[in-house]
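For reference, the structure is listed below as structure tokens.
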Amino acid sequence: MLKVGVVGLGKMGLLHAGTVNMLQGCSVVAFCEKEALLTSLSRKVLLRISFHNRVQNMMRQEQLDAVYVTTPTPTHLTILNEIVDNSRDVAVFVEKPLAGTYSESLEILEKTNNRINMIGFQKRFSPPFMQAKQLLEKQALGELASFRAYSFLSSVFSEGRGWRFGSGQGGALLDLGSHLVDLVLWYFGEPTTIRATKRTIYSKAVEDYVNAELGFESGVTGQCEVSWSVPGYRLLETRIDIVGNNGTLVVSDDYLRMEIIEDIPSIIKSGRHYLRKPELYPGVDFLIGEPEYCLEDKYFLDCVKSHTQPRLGLDTGVKVSRVIQTIYESANG
Amino acid sequence: MSRVLRRMKTQKYSRAFGVYLIVPDVQSYVRIASEKGMPGLIGDMMGRLGVAGKAKALLGGSLSALNRNPVSAMRTYLDAETSGFIGAMPKRCELRSLIMHELFTELVVSFKLQDLALAYVEHVKDSMNVLPGFATRNFARFVDFASEAGLPMKELVILAPFNKVGFQMNPSREECEAKLAQIGETNVIAMSILASGFLGLQESVDYIRKLPKPVSCVVGVSSEVHAQETFSLLRRSFSTHS
């Protein structure tokens with residue numbers, strides 16, 4: 001039985017813990033949470049789990065195989081330092097984004113690269129985005145030319161409170177945009193040129209809107225927009241429109257749409273294709289939120305069981321941090 | 001919600017309505033948790049209790065009471081959360097069931113909180129005199145949990161996805177159908193029967209009719225016209241096949 005600990009008793013901590021607990025051969029045995037009220041309340045309800053208020057204590061007292069870090073981004077470095085200093089080989093899963101800055105991300109990677117590690121970019125497990133990746137790898141669109149991508153949410157229409165709105169800790173790009181940046185890197189590789197602008201609309205210390213133009217060695221060019229202040233998006237919508245010399249592909253959380261010019265034998269036929277979320281639905285061991293969370297947790301813990309480094313390691317988080325930092329630098333002039 | 005209730009109050013209906021209420025309003029709580037964190041969320045929930053539950057909430061729902069006895073605080077919270085709704089309901093409306101939101105149900109199942117589930121069922125059934133319900137997107141696992149916990153299956157409402165393509169049916173459509181065939185008498189309400197608009201109404205109805213046990217259905221509507229169209233189609237579809 002894999003013994004799992006979770007740092008942070010917020011919504012992501014509960015989501016992962018609830019999912020992990022229902023995966024075969026896995027059990028959440030410990031939580032670490034510094035808020036006394038949350039801990040004392042949870043202790044009375046979750047009787048089979050031990051609670052700690054310091055990471056050091058949890059690591060020393062529990063024999064854990066894996067730890068999930070689900071606390072606010074600015075705390076990741078400190079927490080991972082404590083985990084590594086108090087355990088020789090526990091596997092670590094870190095919620096996105098890896099850190100607030102590129103240098104902190106590098107520091108985290110340096111500390112954790114001697115053990116199994118993974119970053120929580122769960123959109124890579126979302127069926128439409130996975131399907132799009134497979135089609136791009138099989139060159140269904142031919143030679144790629146350009147893309148337009150966005151992540152929009154209607155959540156900030158006045159000055160917000162909390163760590164997401166603190167300078168150097170949050171902002172629309174860091175909070176929402178890290179998934180989009182990750183998908184872009186997954187599909188097109190690392191950009192060689194970045195030119196960006198940003199705007200504050202409601203927030204004071206952080207941006208509410210970012211627009212970045214990216215260029216790649218392959219010749220592909222693309223545009224990314226990220227904002228949490230766009231009306232009409234009650235739920236976060238992430239969408240990427242891609243143009244190639246054999247057609248177009250539009251992928252979002254809800255669908256995958258393609259217009260293909262010429263048949264590619266055994267890969268795709270010419271014409272229109274429209275795959276919607278329900279027909280791509282995979283069925284998962286236990287669903288909380290979206291299926292990608294379960295697929296992500298299962299993949300990570302299967303890697304821990306088989307002592308294999310996941311493809312989505314913290315080095316991916318570092319690459320995303322580097323692009324985000326470059327976007328900020330460009331936008332700041 | 002309040003707009004719908006106001007509208008219902010001002011119009012005359014020839015039939016009584018049965019209301020199935022899902023608690024809590026998770027969407028707003030998730031938003032608060034994102035902004036203020038979990039301690040802020042608990043504070044906010046207690047604040048709502050104070051406003052909605054008045055004296056009873058003040059006695060049983062304070063933070064210290066929550067800390068002393070979470071089950072008792074849950075009962076107080078349920079009373080407070082529903083009292084405002086019941087007060088605003090038109091006379092012809094009747095609260096038939098209080099359904100636990102799926103996010104809470106999944107956590108109750110995952111952490112095997114049998115005592116909490118039993119306390120919830122007893123309170124809703126005995127004190128509120130309505131059917132206790134659970135919404136879940138893990139129907140098969142929920143049924144296993146409910147059986148192990150000794151929940152009174154006959155008196156439960158289970159709201160779960162059932163559709164031809166297996167959308168949100170976990171771990172699989174086949175396993176959910178098999179579990180439905182196995183369970184005894186229970187009030188199952190099928191949701192997501194149209195699989196987020198992917199399926200047509202007729203094929204959805206055909207699938208529901210072929211399930212191993214009769215179930216009720218819930219569909220979402222966005223306007224009066226949409227409601228009239230959908231419900232008349234549903235009535236026709238179900239009646240022509242009987």
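FYI, nothing fancy with the structure tokens labels: chains A, B, ... in order, residues from 1 per chain, ligands from 1 as they appear.
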
Discussion item. Need the shell around segment 153-163 of chain B: protein/DNA/RNA residues with any atom at most 8 Å away, counting only C-alpha atoms. Skip same-chain ones fewer than 6 positions apart. Format as a PyMOL selection string?
Written reply: chain B and resi 97+99+131-139+146-147+169+173+184-195+204+207-208

Item to complete: Name the residues in contact with segment 7-20 of chain A at a cut-off of 9 Å, using only C-alpha atoms, excluding same-chain residues fewer than 3 positions from it; report them as a PyMOL selection string.
Response: (chain A and resi 4+23-24+26-28+30-35+38-39+55+67-72+79+95+285-289+293-294+297-298+301) or (chain B and resi 30+33-34+37-38+103+106-111)

Item to complete: Please identify which residues in segment 71-143 of chain B DSSP calls strand (DSSP E) from the backbone, and express them as a list in words.
Response: Cys93, Glu94, Leu95, Arg96, Ser97, Leu98, Ile99, Met100, Leu131, Pro132, Gly133, Phe134 and Ala135 of chain B

Dump as a compact mmCIF listing (two decimals) with C-alpha atoms, in the first residue's frame the residues of chain A that approach chain B to within 6 Å, counting only C-alpha atoms.
# COMPACT_ATOMS: atom_id res chain seq x y z
CA GLY A 10 -7.41 23.67 0.68
CA GLY A 18 -10.10 12.39 -2.16
CA ASN A 21 -7.74 7.58 -1.43
CA MET A 22 -9.93 5.78 -3.97
CA LEU A 41 -11.99 20.43 12.72
CA GLY A 162 -5.20 36.92 -1.17
CA PRO A 278 -18.79 13.30 -24.01
CA TYR A 281 -14.90 10.70 -21.98
CA GLY A 283 -14.36 6.79 -17.45
CA VAL A 284 -12.09 7.01 -14.39
CA ASP A 285 -11.56 5.11 -11.14

Practice prompt. Would you kindly return, as a VMD selection string, each protein, DNA or RNA residue with an atom no farther than 6 Å from any atom of segment 15-28 of chain B, considering only C-alpha atoms and excluding same-chain residues fewer than 3 positions away?
Written response: chain B and resid 31 92 to 101

Discussion item. Need to verify the contact set: segment 100-104 of chain A, 12 Å, only C-alpha atoms, exclusion of same-chain residues closer than 5 positions in sequence. Can you return it as JSON, numbers by chain?
Written reply: {"A": [72, 73, 74, 75, 76, 77, 78, 80, 81, 109, 110, 111, 163, 164, 166, 167, 168, 169, 170, 171, 173, 174, 175, 178, 314, 315, 316, 317, 318, 319, 320, 321, 322, 323, 324, 325, 326, 327, 328, 329]}

Discussion item. Excluding segment 259-262 of chain A and its own-chain neighbours fewer than 6 positions away, which residues fall within 6 Å of it when counting only C-alpha atoms? Please give them as a PyMOL selection string.
Written reply: chain A and resi 246-248+270-272

Worksheet item: atom CA of Pro128 of chain A to atom CA of Pro291 of chain A: how many Å, to one decimal?
Response: 11.6 Å

Discussion item. Let me make sure I understand: among A:Glu292, A:Gln309, A:Ala331, A:Leu136, which one has the smallest atom-to-atom distance to Arg195 of chain A if we use only C-alpha atoms?
Written reply: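 Checking each candidate against Arg195 of chain A, we get A:Ala331 as the closest.
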
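The coordinates place atom CA of Met74 of chain B at 8.9 Å from atom CA of Ala119 of chain B.
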
Discussion item. Let me make sure I understand: among B:Val130, B:Val219, B:Ala227, B:Leu234, which one has the smallest atom-to-atom distance to Asp206 of chain B if we use only C-alpha atoms?
Written reply: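 When distances to Asp206 of chain B are compared using only C-alpha atoms, the smallest one comes from B:Leu234.
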
Item to complete: Pick out each residue of segment 25-228 of chain B that DSSP on the backbone tags as helix (DSSP H, G or I); I need them as a PyMOL selection string.
Response: chain B and resi 26-60+63-68+70-88+102-110+114-127+139-149+153-155+173-182+201-210+224-228

Worksheet item: Expressed in Å to a single decimal, how great is the separation between atom CA of Leu236 of chain A and atom CA of Leu153 of chain A?
Response: 4.6 Å

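Compared by their closest atoms to Leu2 of chain A, and using only C-alpha atoms, the residues A:Gly160, A:Gly25, A:Pro191, A:Pro265 rank with A:Gly25 nearest.
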